[in-house]
Structure formats: C-alpha cells, structure tokens
Amino acid sequence: MLEIENIHTFYGLSHILFDLSLKVAEGQVVCLLGRNGAGKTTTLKSVMGLTPPKKGTIRFKGENVTGRQPYQMARKGVGYVPDDRRIFADLTVAENLEIAARKTATGSSWDQQRVYDLFPALGEITHRRGGLLSGGEQKMLAIARALMTNPEFLLLDEPTEGLAPLMVKTLRDAIHTLKQSGLTVLLAEQNVRFTLDLSDYGYIIDDGRIRYQGTVQQLTGNEEVRRLCGI
C-alpha cells in the first residue's frame, strides 16, 4: 500500500533523512522504532506532504504521490495523527469530530457513534471543549478525528508519549481493534514493547537512516537491535 524509495528529506539546509526506504503492505501494522530525534516524525511528515523529500519517491497504492499536499493525501485515504495532537481547543469533542468527517465512495462507516464505541470515554465528554481535555483524552480525540476522515491508511506518530500506563493500555486495545478491522497502519514510536506487541513488521531508524528491518521475531532475536532499542 505504501512504498518509500530512497528519500532524502531536509529542514532548510539540515539533512534529516538519508536514502530511507520502507514498505507497508495492505492490512499490516508496521512500526518505525527509534530514539527521539532519529527521524520518525520526519518520515511520517514526508509521506503526508508536510516536509516533502528533495530526492526519492513515495508511492501510495502504486501511485507516485511524492510532494503532494497534505489535503491531497487526506483525500486519497491517508489519515495522520501528529505527536502534538493539534486538536481545536475552542471546539467541543463532537465539533472536532464533525469538522473532520469525510464521506467515501466505498461507503466506509466511521462516524461519531463508531469512534465513541472505540473510545467510550470520548462519548462521556462529547460536549467538553478540546482545551479542557487531559493529554490522554486529547490523544484519543486526535485518533478519533483521523478516523472520521475514513482513511485506508493511518500514520500514527508517538501515540503513547507522555501517557499514563492505563491510557497506554487503552490505546493499545484501540489500535489492536483497528488492526483487526483491516486498517493499514504505520506506527512511529519509542515505546518498544507497546509497538512490537501490535506490529507485523518493523524498521529501526537512527540518525535518519534505516539500520535494521524484519519481522518482530527477527528484530527481538537480534542482539544489536536489542541493545539499540533497549529491549
């Protein structure tokens, strides 16, 4: 579904991603693991068109989408959950969801009721303004808002960052449910155990380069990967 080939991405004159390649097959949860500043967020932003690569190719469902605008990627079925959530603080939970709602030709069925079924806590605070939510509630809302666009492919950036263990479990259960529904996910994370528990395949990124890749079993069985990731 997604194929990144040899991309080089810059912030101004700073070279961030170096010759980076990865693939995500339909229906998979693929993880991108690495420390803070390794290039995970930049990889997702490169796919979404927020920081287009200067070299290399990005294909979505076989189509070259390198450098497409974020709204074009959203229309093609790519949902994006940034690490800083970016919900609308002055809008209620329900309004945050309504503003993102998108109908699809296939008649996909993500609506408010379905996201409340996935995150029951949001249904209990549907009229609360986004700026009054806790960090965990904001993270749930950010994921729910992305689902309201009825994506075929979901980019998840650091969903567990700064969250309490109970909220991490809630998110793990939700992502597992999304995986069972057939949604394809690229998950960028530092939380190794959380991530590997959900993933079919993984990539280890360090200093803007993919250092290792393989199945969960291959990664956890590699002593160098275990040292690098602290497994």
# chains A, B, ... in the order shown; residues from 1 in each chain; ligands from 1

call {"tool": "select_by_dssp", "arguments": {"residues": "stretch 137-172 of chain A", "states": "helix (DSSP H, G or I)", "output": "PyMOL selection string"}}
result
chain A and resi 137-147+165-172

call {"tool": "write_last_selection", "arguments": {"atoms": "C-alpha atoms", "output": "PDB file, in the first residue's frame"}}
result
ATOM      1  CA  GLU A 137      -8.222  12.402  26.156  1.00  0.00           C
ATOM      2  CA  GLN A 138      -6.639  14.662  23.548  1.00  0.00           C
ATOM      3  CA  LYS A 139      -4.710  11.712  22.122  1.00  0.00           C
ATOM      4  CA  MET A 140      -7.899   9.649  21.842  1.00  0.00           C
ATOM      5  CA  LEU A 141      -9.632  12.589  20.171  1.00  0.00           C
ATOM      6  CA  ALA A 142      -6.766  13.036  17.699  1.00  0.00           C
ATOM      7  CA  ILE A 143      -7.022   9.389  16.646  1.00  0.00           C
ATOM      8  CA  ALA A 144     -10.823   9.549  16.520  1.00  0.00           C
ATOM      9  CA  ARG A 145     -10.683  12.693  14.388  1.00  0.00           C
ATOM     10  CA  ALA A 146      -8.343  10.974  11.921  1.00  0.00           C
ATOM     11  CA  LEU A 147     -10.736   8.013  11.727  1.00  0.00           C
ATOM     12  CA  PRO A 165       0.096   3.228  31.809  1.00  0.00           C
ATOM     13  CA  LEU A 166      -3.689   2.859  31.931  1.00  0.00           C
ATOM     14  CA  MET A 167      -4.100   5.177  28.932  1.00  0.00           C
ATOM     15  CA  VAL A 168      -1.337   3.317  27.082  1.00  0.00           C
ATOM     16  CA  LYS A 169      -3.343   0.113  27.549  1.00  0.00           C
ATOM     17  CA  THR A 170      -6.471   1.853  26.227  1.00  0.00           C
ATOM     18  CA  LEU A 171      -4.608   2.941  23.105  1.00  0.00           C
ATOM     19  CA  ARG A 172      -3.068  -0.495  22.618  1.00  0.00           C
TER      20      ARG A 172
END

call {"tool": "residues_around", "arguments": {"residues": "A:Arg129", "least_positions_apart": "2", "cutoff": "8 Å", "atoms": "only C-alpha atoms", "output": "list of chain:residue names"}}
result
A:Ala89, A:Asp90, A:Leu91, A:Thr92, A:Val93, A:His127, A:Gly131, A:Leu132, A:Leu133

call {"tool": "closest_residue", "arguments": {"among": "A:Ser109, A:Gly135, A:Ile58, A:Glu124", "to": "A:Arg86", "atoms": "only C-alpha atoms"}}
result
A:Gly135

call {"tool": "residues_around", "arguments": {"residues": "A:Leu20", "least_positions_apart": "5", "cutoff": "9 Å", "atoms": "only C-alpha atoms", "output": "PyMOL selection string"}}
result
chain A and resi 4-8+43+56+208-210

call {"tool": "closest_residue", "arguments": {"among": "A:Val30, A:Ala38, A:Ala100, A:Val47", "to": "A:Ile175", "atoms": "only C-alpha atoms"}}
result
A:Val30

call {"tool": "residues_around", "arguments": {"residues": "A:Ile204", "least_positions_apart": "6", "cutoff": "6 Å", "atoms": "only C-alpha atoms", "output": "PyMOL selection string"}}
result
chain A and resi 32-34+210-212

call {"tool": "write_last_selection", "arguments": {"atoms": "N, CA and C atoms", "output": "compact mmCIF listing (two decimals), in the first residue's frame"}}
result
# COMPACT_ATOMS: atom_id res chain seq x y z
N LEU A 32 7.89 1.91 13.08
CA LEU A 32 9.15 2.61 12.86
C LEU A 32 9.67 3.01 14.23
N LEU A 33 10.67 2.29 14.69
CA LEU A 33 11.20 2.46 16.04
C LEU A 33 12.49 3.26 16.02
N GLY A 34 12.66 4.10 17.02
CA GLY A 34 13.89 4.85 17.14
C GLY A 34 13.81 5.84 18.28
N ILE A 210 17.62 3.94 7.99
CA ILE A 210 17.11 2.65 8.44
C ILE A 210 18.30 1.74 8.71
N ARG A 211 18.42 1.30 9.95
CA ARG A 211 19.56 0.46 10.34
C ARG A 211 19.22 -1.03 10.29
N TYR A 212 17.98 -1.37 10.66
CA TYR A 212 17.57 -2.77 10.68
C TYR A 212 16.11 -2.85 10.26

call {"tool": "select_by_dssp", "arguments": {"residues": "stretch 65-209 of chain A", "states": "strand (DSSP E)", "output": "JSON list (two decimals) with N, CA and C atoms, in the first residue's frame"}}
result
[["chain", "number", "residue", "atom", "x", "y", "z"],
["A", 78, "VAL", "N", -5.39, 8.81, 3.33],
["A", 78, "VAL", "CA", -4.33, 8.73, 4.35],
["A", 78, "VAL", "C", -4.73, 9.59, 5.54],
["A", 79, "GLY", "N", -4.83, 8.98, 6.71],
["A", 79, "GLY", "CA", -5.10, 9.71, 7.95],
["A", 79, "GLY", "C", -3.81, 9.93, 8.71],
["A", 80, "TYR", "N", -3.71, 11.07, 9.39],
["A", 80, "TYR", "CA", -2.47, 11.43, 10.08],
["A", 80, "TYR", "C", -2.78, 11.89, 11.50],
["A", 81, "VAL", "N", -2.11, 11.26, 12.47],
["A", 81, "VAL", "CA", -2.23, 11.65, 13.88],
["A", 81, "VAL", "C", -0.87, 12.15, 14.34],
["A", 153, "PHE", "N", -5.44, 4.16, 5.26],
["A", 153, "PHE", "CA", -4.07, 4.05, 5.78],
["A", 153, "PHE", "C", -3.91, 5.10, 6.88],
["A", 154, "LEU", "N", -3.35, 4.71, 8.01],
["A", 154, "LEU", "CA", -3.23, 5.62, 9.15],
["A", 154, "LEU", "C", -1.76, 5.77, 9.55],
["A", 155, "LEU", "N", -1.33, 7.03, 9.65],
["A", 155, "LEU", "CA", 0.00, 7.37, 10.15],
["A", 155, "LEU", "C", -0.15, 7.79, 11.61],
["A", 156, "LEU", "N", 0.47, 7.05, 12.51],
["A", 156, "LEU", "CA", 0.37, 7.32, 13.95],
["A", 156, "LEU", "C", 1.73, 7.70, 14.49],
["A", 157, "ASP", "N", 1.86, 8.93, 14.99],
["A", 157, "ASP", "CA", 3.15, 9.41, 15.47],
["A", 157, "ASP", "C", 3.16, 9.49, 17.00],
["A", 184, "THR", "N", -4.74, -0.36, 7.63],
["A", 184, "THR", "CA", -3.29, -0.40, 7.50],
["A", 184, "THR", "C", -2.69, 0.76, 8.30],
["A", 185, "VAL", "N", -1.62, 0.47, 9.06],
["A", 185, "VAL", "CA", -1.07, 1.48, 9.98],
["A", 185, "VAL", "C", 0.46, 1.50, 9.88],
["A", 186, "LEU", "N", 1.01, 2.71, 9.83],
["A", 186, "LEU", "CA", 2.44, 2.92, 10.04],
["A", 186, "LEU", "C", 2.57, 3.65, 11.38],
["A", 187, "LEU", "N", 3.21, 2.98, 12.33],
["A", 187, "LEU", "CA", 3.25, 3.43, 13.72],
["A", 187, "LEU", "C", 4.68, 3.82, 14.09],
["A", 188, "ALA", "N", 4.90, 5.11, 14.35],
["A", 188, "ALA", "CA", 6.20, 5.60, 14.79],
["A", 188, "ALA", "C", 6.19, 5.72, 16.31],
["A", 189, "GLU", "N", 7.15, 5.08, 16.98],
["A", 189, "GLU", "CA", 7.12, 5.03, 18.44],
["A", 189, "GLU", "C", 8.51, 4.85, 19.04],
["A", 201, "TYR", "N", 5.62, -6.10, 11.22],
["A", 201, "TYR", "CA", 6.96, -5.90, 10.66],
["A", 201, "TYR", "C", 7.49, -4.60, 11.22],
["A", 202, "GLY", "N", 8.81, -4.49, 11.30],
["A", 202, "GLY", "CA", 9.37, -3.29, 11.90],
["A", 202, "GLY", "C", 10.63, -2.79, 11.23],
["A", 203, "TYR", "N", 10.85, -1.50, 11.38],
["A", 203, "TYR", "CA", 12.07, -0.84, 10.92],
["A", 203, "TYR", "C", 12.68, -0.09, 12.09],
["A", 204, "ILE", "N", 14.01, -0.14, 12.19],
["A", 204, "ILE", "CA", 14.72, 0.61, 13.22],
["A", 204, "ILE", "C", 15.44, 1.76, 12.54],
["A", 205, "ILE", "N", 15.12, 3.00, 12.95],
["A", 205, "ILE", "CA", 15.73, 4.18, 12.36],
["A", 205, "ILE", "C", 16.66, 4.84, 13.37],
["A", 206, "ASP", "N", 17.82, 5.30, 12.88],
["A", 206, "ASP", "CA", 18.76, 6.01, 13.75],
["A", 206, "ASP", "C", 19.52, 7.01, 12.89],
["A", 209, "ARG", "N", 18.55, 7.19, 9.15],
["A", 209, "ARG", "CA", 18.79, 6.05, 8.28],
["A", 209, "ARG", "C", 18.13, 4.79, 8.85]]

call {"tool": "residues_around", "arguments": {"residues": "A:Gln217", "least_positions_apart": "4", "cutoff": "12 Å", "atoms": "only C-alpha atoms", "output": "list in words"}}
result
Leu196, Asp197, Ser199, Asp200, Tyr201, Gly202, Gln213, Gly221, Asn222, Glu223, Val225 and Arg226 of chain A

call {"tool": "write_last_selection", "arguments": {"atoms": "C-alpha atoms", "output": "compact mmCIF listing (two decimals), in the first residue's frame"}}
result
# COMPACT_ATOMS: atom_id res chain seq x y z
CA LEU A 196 6.20 -4.73 18.85
CA ASP A 197 3.14 -6.22 20.53
CA SER A 199 3.24 -4.90 14.72
CA ASP A 200 3.67 -7.37 11.88
CA TYR A 201 6.96 -5.90 10.66
CA GLY A 202 9.37 -3.29 11.90
CA GLN A 213 14.32 -4.28 9.47
CA GLY A 221 16.19 -12.02 18.21
CA ASN A 222 18.88 -9.59 17.01
CA GLU A 223 21.29 -8.71 19.80
CA VAL A 225 18.68 -4.36 17.80
CA ARG A 226 18.00 -5.31 21.41

call {"tool": "atom_distance", "arguments": {"atom1": "atom CA of A:Thr149", "atom2": "atom CA of A:Ala164"}}
result
27.4 Å

call {"tool": "closest_residue", "arguments": {"among": "A:Val216, A:Asp84, A:His176, A:Gln112", "to": "A:Arg193", "atoms": "only C-alpha atoms"}}
result
A:Val216

call {"tool": "residues_around", "arguments": {"residues": "A:Val115", "least_positions_apart": "4", "cutoff": "9 Å", "atoms": "only C-alpha atoms", "output": "number ranges by chain"}}
result
A: 110-111, 119-120, 122-123, 144-145, 147-148

call {"tool": "write_last_selection", "arguments": {"atoms": "C-alpha atoms", "output": "short mmCIF file (atom, residue, chain, number, x, y, z; two decimals), in the first residue's frame"}}
result
data_model
loop_
_atom_site.label_atom_id
_atom_site.label_comp_id
_atom_site.auth_asym_id
_atom_site.auth_seq_id
_atom_site.Cartn_x
_atom_site.Cartn_y
_atom_site.Cartn_z
CA TRP A 110 -16.51 5.72 10.60
CA ASP A 111 -18.88 8.18 12.25
CA PHE A 119 -13.21 5.24 22.75
CA PRO A 120 -16.19 5.20 25.19
CA LEU A 122 -14.97 10.40 24.49
CA GLY A 123 -18.69 9.74 24.38
CA ALA A 144 -10.82 9.55 16.52
CA ARG A 145 -10.68 12.69 14.39
CA LEU A 147 -10.74 8.01 11.73
CA MET A 148 -13.60 10.39 10.89
#

call {"tool": "residues_around", "arguments": {"residues": "A:Phe60", "least_positions_apart": "3", "cutoff": "12 Å", "atoms": "only C-alpha atoms", "output": "ChimeraX atom specification"}}
result
/A:1-5,23-26,47-48,57,63-68,72-74,76-78,152-153,184

call {"tool": "write_last_selection", "arguments": {"atoms": "N, CA and C atoms", "output": "short mmCIF file (atom, residue, chain, number, x, y, z; two decimals), in the first residue's frame"}}
result
data_model
loop_
_atom_site.label_atom_id
_atom_site.label_comp_id
_atom_site.auth_asym_id
_atom_site.auth_seq_id
_atom_site.Cartn_x
_atom_site.Cartn_y
_atom_site.Cartn_z
N MET A 1 0.83 -1.21 0.00
CA MET A 1 0.00 0.00 0.00
C MET A 1 0.86 1.25 0.00
N LEU A 2 1.93 1.26 0.80
CA LEU A 2 2.86 2.38 0.83
C LEU A 2 4.26 1.88 0.52
N GLU A 3 4.95 2.62 -0.36
CA GLU A 3 6.33 2.30 -0.68
C GLU A 3 7.15 3.58 -0.72
N ILE A 4 8.14 3.64 0.14
CA ILE A 4 9.07 4.77 0.19
C ILE A 4 10.39 4.28 -0.37
N GLU A 5 10.90 4.99 -1.36
CA GLU A 5 12.14 4.56 -2.02
C GLU A 5 13.20 5.66 -1.96
N LYS A 23 8.48 -0.25 3.27
CA LYS A 23 7.23 -0.67 2.64
C LYS A 23 6.22 -1.06 3.70
N VAL A 24 4.95 -0.81 3.39
CA VAL A 24 3.85 -1.24 4.26
C VAL A 24 2.81 -1.92 3.37
N ALA A 25 2.55 -3.19 3.63
CA ALA A 25 1.56 -3.94 2.85
C ALA A 25 0.16 -3.69 3.40
N GLU A 26 -0.83 -3.85 2.57
CA GLU A 26 -2.22 -3.63 2.97
C GLU A 26 -2.59 -4.54 4.14
N VAL A 47 5.70 11.49 4.10
CA VAL A 47 4.60 10.77 3.45
C VAL A 47 3.40 11.69 3.30
N MET A 48 3.09 12.45 4.35
CA MET A 48 1.88 13.27 4.37
C MET A 48 2.02 14.54 3.53
N THR A 57 11.29 8.70 -3.96
CA THR A 57 9.92 8.52 -4.43
C THR A 57 9.05 7.93 -3.32
N GLU A 63 0.61 4.64 -6.85
CA GLU A 63 0.66 5.97 -7.48
C GLU A 63 1.78 6.80 -6.85
N ASN A 64 2.53 7.47 -7.70
CA ASN A 64 3.59 8.36 -7.21
C ASN A 64 2.94 9.60 -6.57
N VAL A 65 3.10 9.73 -5.27
CA VAL A 65 2.49 10.86 -4.54
C VAL A 65 3.55 11.76 -3.92
N THR A 66 4.79 11.64 -4.39
CA THR A 66 5.88 12.44 -3.83
C THR A 66 5.57 13.93 -3.94
N GLY A 67 5.60 14.63 -2.82
CA GLY A 67 5.40 16.07 -2.83
C GLY A 67 3.95 16.52 -2.89
N ARG A 68 3.00 15.59 -2.85
CA ARG A 68 1.59 16.00 -2.84
C ARG A 68 1.28 16.77 -1.56
N GLN A 72 -4.38 16.69 -0.29
CA GLN A 72 -4.49 15.70 -1.36
C GLN A 72 -4.27 14.29 -0.82
N MET A 73 -3.33 14.14 0.10
CA MET A 73 -3.08 12.83 0.71
C MET A 73 -4.30 12.39 1.53
N ALA A 74 -4.91 13.34 2.23
CA ALA A 74 -6.11 13.02 3.01
C ALA A 74 -7.23 12.54 2.09
N LYS A 76 -6.89 11.03 -0.65
CA LYS A 76 -6.54 9.72 -1.18
C LYS A 76 -6.73 8.60 -0.15
N GLY A 77 -7.04 9.00 1.10
CA GLY A 77 -7.31 7.98 2.10
C GLY A 77 -6.24 7.80 3.15
N VAL A 78 -5.39 8.81 3.33
CA VAL A 78 -4.33 8.73 4.35
C VAL A 78 -4.73 9.59 5.54
N GLU A 152 -7.92 4.75 4.61
CA GLU A 152 -7.50 3.38 4.32
C GLU A 152 -6.16 3.09 4.98
N PHE A 153 -5.44 4.16 5.26
CA PHE A 153 -4.07 4.05 5.78
C PHE A 153 -3.91 5.10 6.88
N THR A 184 -4.74 -0.36 7.63
CA THR A 184 -3.29 -0.40 7.50
C THR A 184 -2.69 0.76 8.30
#

call {"tool": "closest_residue", "arguments": {"among": "A:Gly182, A:Gly39, A:Gly214, A:Pro159", "to": "A:Thr195", "atoms": "only C-alpha atoms"}}
result
A:Pro159

call {"tool": "closest_residue", "arguments": {"among": "A:Leu183, A:Leu50, A:Leu198, A:Val192", "to": "A:Arg35", "atoms": "only C-alpha atoms"}}
result
A:Val192

call {"tool": "atom_distance", "arguments": {"atom1": "atom CA of A:Ala94", "atom2": "atom CA of A:Phe194"}}
result
28.8 Å

call {"tool": "decode", "arguments": {"residues": "stretch 159-203 of chain A", "atoms": "N, CA and C atoms", "output": "PDB file, in the first residue's frame"}}
result
ATOM      1  N   PRO A 159       1.967   7.733  19.668  1.00  0.00           N
ATOM      2  CA  PRO A 159       0.681   7.795  20.366  1.00  0.00           C
ATOM      3  C   PRO A 159       0.780   7.662  21.884  1.00  0.00           C
ATOM      4  N   THR A 160       1.846   7.023  22.411  1.00  0.00           N
ATOM      5  CA  THR A 160       1.911   6.805  23.856  1.00  0.00           C
ATOM      6  C   THR A 160       2.737   7.848  24.590  1.00  0.00           C
ATOM      7  N   GLU A 161       3.305   8.805  23.884  1.00  0.00           N
ATOM      8  CA  GLU A 161       4.215   9.761  24.516  1.00  0.00           C
ATOM      9  C   GLU A 161       3.529  10.533  25.643  1.00  0.00           C
ATOM     10  N   GLY A 162       4.112  10.467  26.835  1.00  0.00           N
ATOM     11  CA  GLY A 162       3.634  11.226  27.974  1.00  0.00           C
ATOM     12  C   GLY A 162       2.372  10.702  28.630  1.00  0.00           C
ATOM     13  N   LEU A 163       1.940   9.500  28.272  1.00  0.00           N
ATOM     14  CA  LEU A 163       0.677   8.988  28.794  1.00  0.00           C
ATOM     15  C   LEU A 163       0.898   8.030  29.964  1.00  0.00           C
ATOM     16  N   ALA A 164      -0.080   7.983  30.859  1.00  0.00           N
ATOM     17  CA  ALA A 164      -0.052   7.054  31.981  1.00  0.00           C
ATOM     18  C   ALA A 164      -0.265   5.629  31.490  1.00  0.00           C
ATOM     19  N   PRO A 165       0.211   4.620  32.251  1.00  0.00           N
ATOM     20  CA  PRO A 165       0.096   3.228  31.809  1.00  0.00           C
ATOM     21  C   PRO A 165      -1.321   2.794  31.464  1.00  0.00           C
ATOM     22  N   LEU A 166      -2.312   3.259  32.214  1.00  0.00           N
ATOM     23  CA  LEU A 166      -3.689   2.859  31.931  1.00  0.00           C
ATOM     24  C   LEU A 166      -4.134   3.386  30.570  1.00  0.00           C
ATOM     25  N   MET A 167      -3.739   4.610  30.228  1.00  0.00           N
ATOM     26  CA  MET A 167      -4.100   5.177  28.932  1.00  0.00           C
ATOM     27  C   MET A 167      -3.340   4.476  27.808  1.00  0.00           C
ATOM     28  N   VAL A 168      -2.104   4.079  28.079  1.00  0.00           N
ATOM     29  CA  VAL A 168      -1.337   3.317  27.082  1.00  0.00           C
ATOM     30  C   VAL A 168      -2.056   2.009  26.756  1.00  0.00           C
ATOM     31  N   LYS A 169      -2.584   1.350  27.780  1.00  0.00           N
ATOM     32  CA  LYS A 169      -3.343   0.113  27.549  1.00  0.00           C
ATOM     33  C   LYS A 169      -4.592   0.385  26.716  1.00  0.00           C
ATOM     34  N   THR A 170      -5.277   1.490  27.001  1.00  0.00           N
ATOM     35  CA  THR A 170      -6.471   1.853  26.227  1.00  0.00           C
ATOM     36  C   THR A 170      -6.131   2.037  24.753  1.00  0.00           C
ATOM     37  N   LEU A 171      -5.016   2.721  24.495  1.00  0.00           N
ATOM     38  CA  LEU A 171      -4.608   2.941  23.105  1.00  0.00           C
ATOM     39  C   LEU A 171      -4.164   1.648  22.441  1.00  0.00           C
ATOM     40  N   ARG A 172      -3.478   0.790  23.181  1.00  0.00           N
ATOM     41  CA  ARG A 172      -3.068  -0.495  22.618  1.00  0.00           C
ATOM     42  C   ARG A 172      -4.282  -1.309  22.198  1.00  0.00           C
ATOM     43  N   ASP A 173      -5.304  -1.350  23.054  1.00  0.00           N
ATOM     44  CA  ASP A 173      -6.524  -2.091  22.720  1.00  0.00           C
ATOM     45  C   ASP A 173      -7.208  -1.491  21.497  1.00  0.00           C
ATOM     46  N   ALA A 174      -7.211  -0.147  21.408  1.00  0.00           N
ATOM     47  CA  ALA A 174      -7.864   0.518  20.272  1.00  0.00           C
ATOM     48  C   ALA A 174      -7.131   0.228  18.971  1.00  0.00           C
ATOM     49  N   ILE A 175      -5.805   0.290  18.993  1.00  0.00           N
ATOM     50  CA  ILE A 175      -5.033   0.025  17.778  1.00  0.00           C
ATOM     51  C   ILE A 175      -5.170  -1.440  17.371  1.00  0.00           C
ATOM     52  N   HIS A 176      -5.240  -2.321  18.356  1.00  0.00           N
ATOM     53  CA  HIS A 176      -5.463  -3.741  18.050  1.00  0.00           C
ATOM     54  C   HIS A 176      -6.822  -3.935  17.368  1.00  0.00           C
ATOM     55  N   THR A 177      -7.834  -3.211  17.829  1.00  0.00           N
ATOM     56  CA  THR A 177      -9.156  -3.270  17.202  1.00  0.00           C
ATOM     57  C   THR A 177      -9.099  -2.761  15.767  1.00  0.00           C
ATOM     58  N   LEU A 178      -8.370  -1.665  15.544  1.00  0.00           N
ATOM     59  CA  LEU A 178      -8.219  -1.129  14.192  1.00  0.00           C
ATOM     60  C   LEU A 178      -7.505  -2.121  13.283  1.00  0.00           C
ATOM     61  N   LYS A 179      -6.503  -2.793  13.822  1.00  0.00           N
ATOM     62  CA  LYS A 179      -5.786  -3.809  13.048  1.00  0.00           C
ATOM     63  C   LYS A 179      -6.721  -4.944  12.654  1.00  0.00           C
ATOM     64  N   GLN A 180      -7.547  -5.389  13.591  1.00  0.00           N
ATOM     65  CA  GLN A 180      -8.490  -6.468  13.299  1.00  0.00           C
ATOM     66  C   GLN A 180      -9.521  -6.047  12.259  1.00  0.00           C
ATOM     67  N   SER A 181      -9.814  -4.744  12.184  1.00  0.00           N
ATOM     68  CA  SER A 181     -10.780  -4.257  11.202  1.00  0.00           C
ATOM     69  C   SER A 181     -10.191  -4.178   9.802  1.00  0.00           C
ATOM     70  N   GLY A 182      -8.869  -4.370   9.693  1.00  0.00           N
ATOM     71  CA  GLY A 182      -8.221  -4.356   8.389  1.00  0.00           C
ATOM     72  C   GLY A 182      -7.547  -3.056   8.023  1.00  0.00           C
ATOM     73  N   LEU A 183      -7.550  -2.074   8.930  1.00  0.00           N
ATOM     74  CA  LEU A 183      -6.911  -0.793   8.643  1.00  0.00           C
ATOM     75  C   LEU A 183      -5.390  -0.973   8.610  1.00  0.00           C
ATOM     76  N   THR A 184      -4.743  -0.356   7.627  1.00  0.00           N
ATOM     77  CA  THR A 184      -3.287  -0.401   7.496  1.00  0.00           C
ATOM     78  C   THR A 184      -2.691   0.755   8.296  1.00  0.00           C
ATOM     79  N   VAL A 185      -1.621   0.470   9.062  1.00  0.00           N
ATOM     80  CA  VAL A 185      -1.068   1.478   9.978  1.00  0.00           C
ATOM     81  C   VAL A 185       0.459   1.500   9.880  1.00  0.00           C
ATOM     82  N   LEU A 186       1.013   2.715   9.825  1.00  0.00           N
ATOM     83  CA  LEU A 186       2.442   2.921  10.044  1.00  0.00           C
ATOM     84  C   LEU A 186       2.574   3.646  11.378  1.00  0.00           C
ATOM     85  N   LEU A 187       3.207   2.977  12.334  1.00  0.00           N
ATOM     86  CA  LEU A 187       3.249   3.430  13.723  1.00  0.00           C
ATOM     87  C   LEU A 187       4.676   3.820  14.091  1.00  0.00           C
ATOM     88  N   ALA A 188       4.903   5.106  14.354  1.00  0.00           N
ATOM     89  CA  ALA A 188       6.205   5.597  14.794  1.00  0.00           C
ATOM     90  C   ALA A 188       6.187   5.717  16.310  1.00  0.00           C
ATOM     91  N   GLU A 189       7.146   5.085  16.978  1.00  0.00           N
ATOM     92  CA  GLU A 189       7.115   5.030  18.440  1.00  0.00           C
ATOM     93  C   GLU A 189       8.508   4.849  19.036  1.00  0.00           C
ATOM     94  N   GLN A 190       8.633   5.251  20.310  1.00  0.00           N
ATOM     95  CA  GLN A 190       9.805   4.923  21.124  1.00  0.00           C
ATOM     96  C   GLN A 190       9.517   3.773  22.077  1.00  0.00           C
ATOM     97  N   ASN A 191       8.243   3.578  22.405  1.00  0.00           N
ATOM     98  CA  ASN A 191       7.843   2.547  23.355  1.00  0.00           C
ATOM     99  C   ASN A 191       7.917   1.179  22.671  1.00  0.00           C
ATOM    100  N   VAL A 192       9.031   0.489  22.854  1.00  0.00           N
ATOM    101  CA  VAL A 192       9.325  -0.713  22.078  1.00  0.00           C
ATOM    102  C   VAL A 192       8.338  -1.835  22.364  1.00  0.00           C
ATOM    103  N   ARG A 193       8.086  -2.132  23.630  1.00  0.00           N
ATOM    104  CA  ARG A 193       7.217  -3.261  23.957  1.00  0.00           C
ATOM    105  C   ARG A 193       5.786  -3.018  23.473  1.00  0.00           C
ATOM    106  N   PHE A 194       5.281  -1.815  23.667  1.00  0.00           N
ATOM    107  CA  PHE A 194       3.958  -1.454  23.175  1.00  0.00           C
ATOM    108  C   PHE A 194       3.871  -1.678  21.666  1.00  0.00           C
ATOM    109  N   THR A 195       4.895  -1.231  20.946  1.00  0.00           N
ATOM    110  CA  THR A 195       4.874  -1.239  19.493  1.00  0.00           C
ATOM    111  C   THR A 195       5.010  -2.638  18.918  1.00  0.00           C
ATOM    112  N   LEU A 196       5.972  -3.394  19.402  1.00  0.00           N
ATOM    113  CA  LEU A 196       6.204  -4.729  18.854  1.00  0.00           C
ATOM    114  C   LEU A 196       5.024  -5.659  19.124  1.00  0.00           C
ATOM    115  N   ASP A 197       4.310  -5.412  20.203  1.00  0.00           N
ATOM    116  CA  ASP A 197       3.140  -6.222  20.527  1.00  0.00           C
ATOM    117  C   ASP A 197       2.040  -6.083  19.474  1.00  0.00           C
ATOM    118  N   LEU A 198       2.041  -4.966  18.744  1.00  0.00           N
ATOM    119  CA  LEU A 198       0.982  -4.683  17.772  1.00  0.00           C
ATOM    120  C   LEU A 198       1.414  -4.919  16.326  1.00  0.00           C
ATOM    121  N   SER A 199       2.717  -5.004  16.091  1.00  0.00           N
ATOM    122  CA  SER A 199       3.238  -4.897  14.725  1.00  0.00           C
ATOM    123  C   SER A 199       3.441  -6.247  14.050  1.00  0.00           C
ATOM    124  N   ASP A 200       3.342  -6.208  12.710  1.00  0.00           N
ATOM    125  CA  ASP A 200       3.668  -7.368  11.877  1.00  0.00           C
ATOM    126  C   ASP A 200       5.111  -7.307  11.391  1.00  0.00           C
ATOM    127  N   TYR A 201       5.619  -6.102  11.219  1.00  0.00           N
ATOM    128  CA  TYR A 201       6.959  -5.903  10.660  1.00  0.00           C
ATOM    129  C   TYR A 201       7.490  -4.601  11.219  1.00  0.00           C
ATOM    130  N   GLY A 202       8.810  -4.485  11.301  1.00  0.00           N
ATOM    131  CA  GLY A 202       9.366  -3.288  11.900  1.00  0.00           C
ATOM    132  C   GLY A 202      10.628  -2.794  11.229  1.00  0.00           C
ATOM    133  N   TYR A 203      10.851  -1.500  11.382  1.00  0.00           N
ATOM    134  CA  TYR A 203      12.074  -0.842  10.921  1.00  0.00           C
ATOM    135  C   TYR A 203      12.680  -0.091  12.089  1.00  0.00           C
TER     136      TYR A 203
END
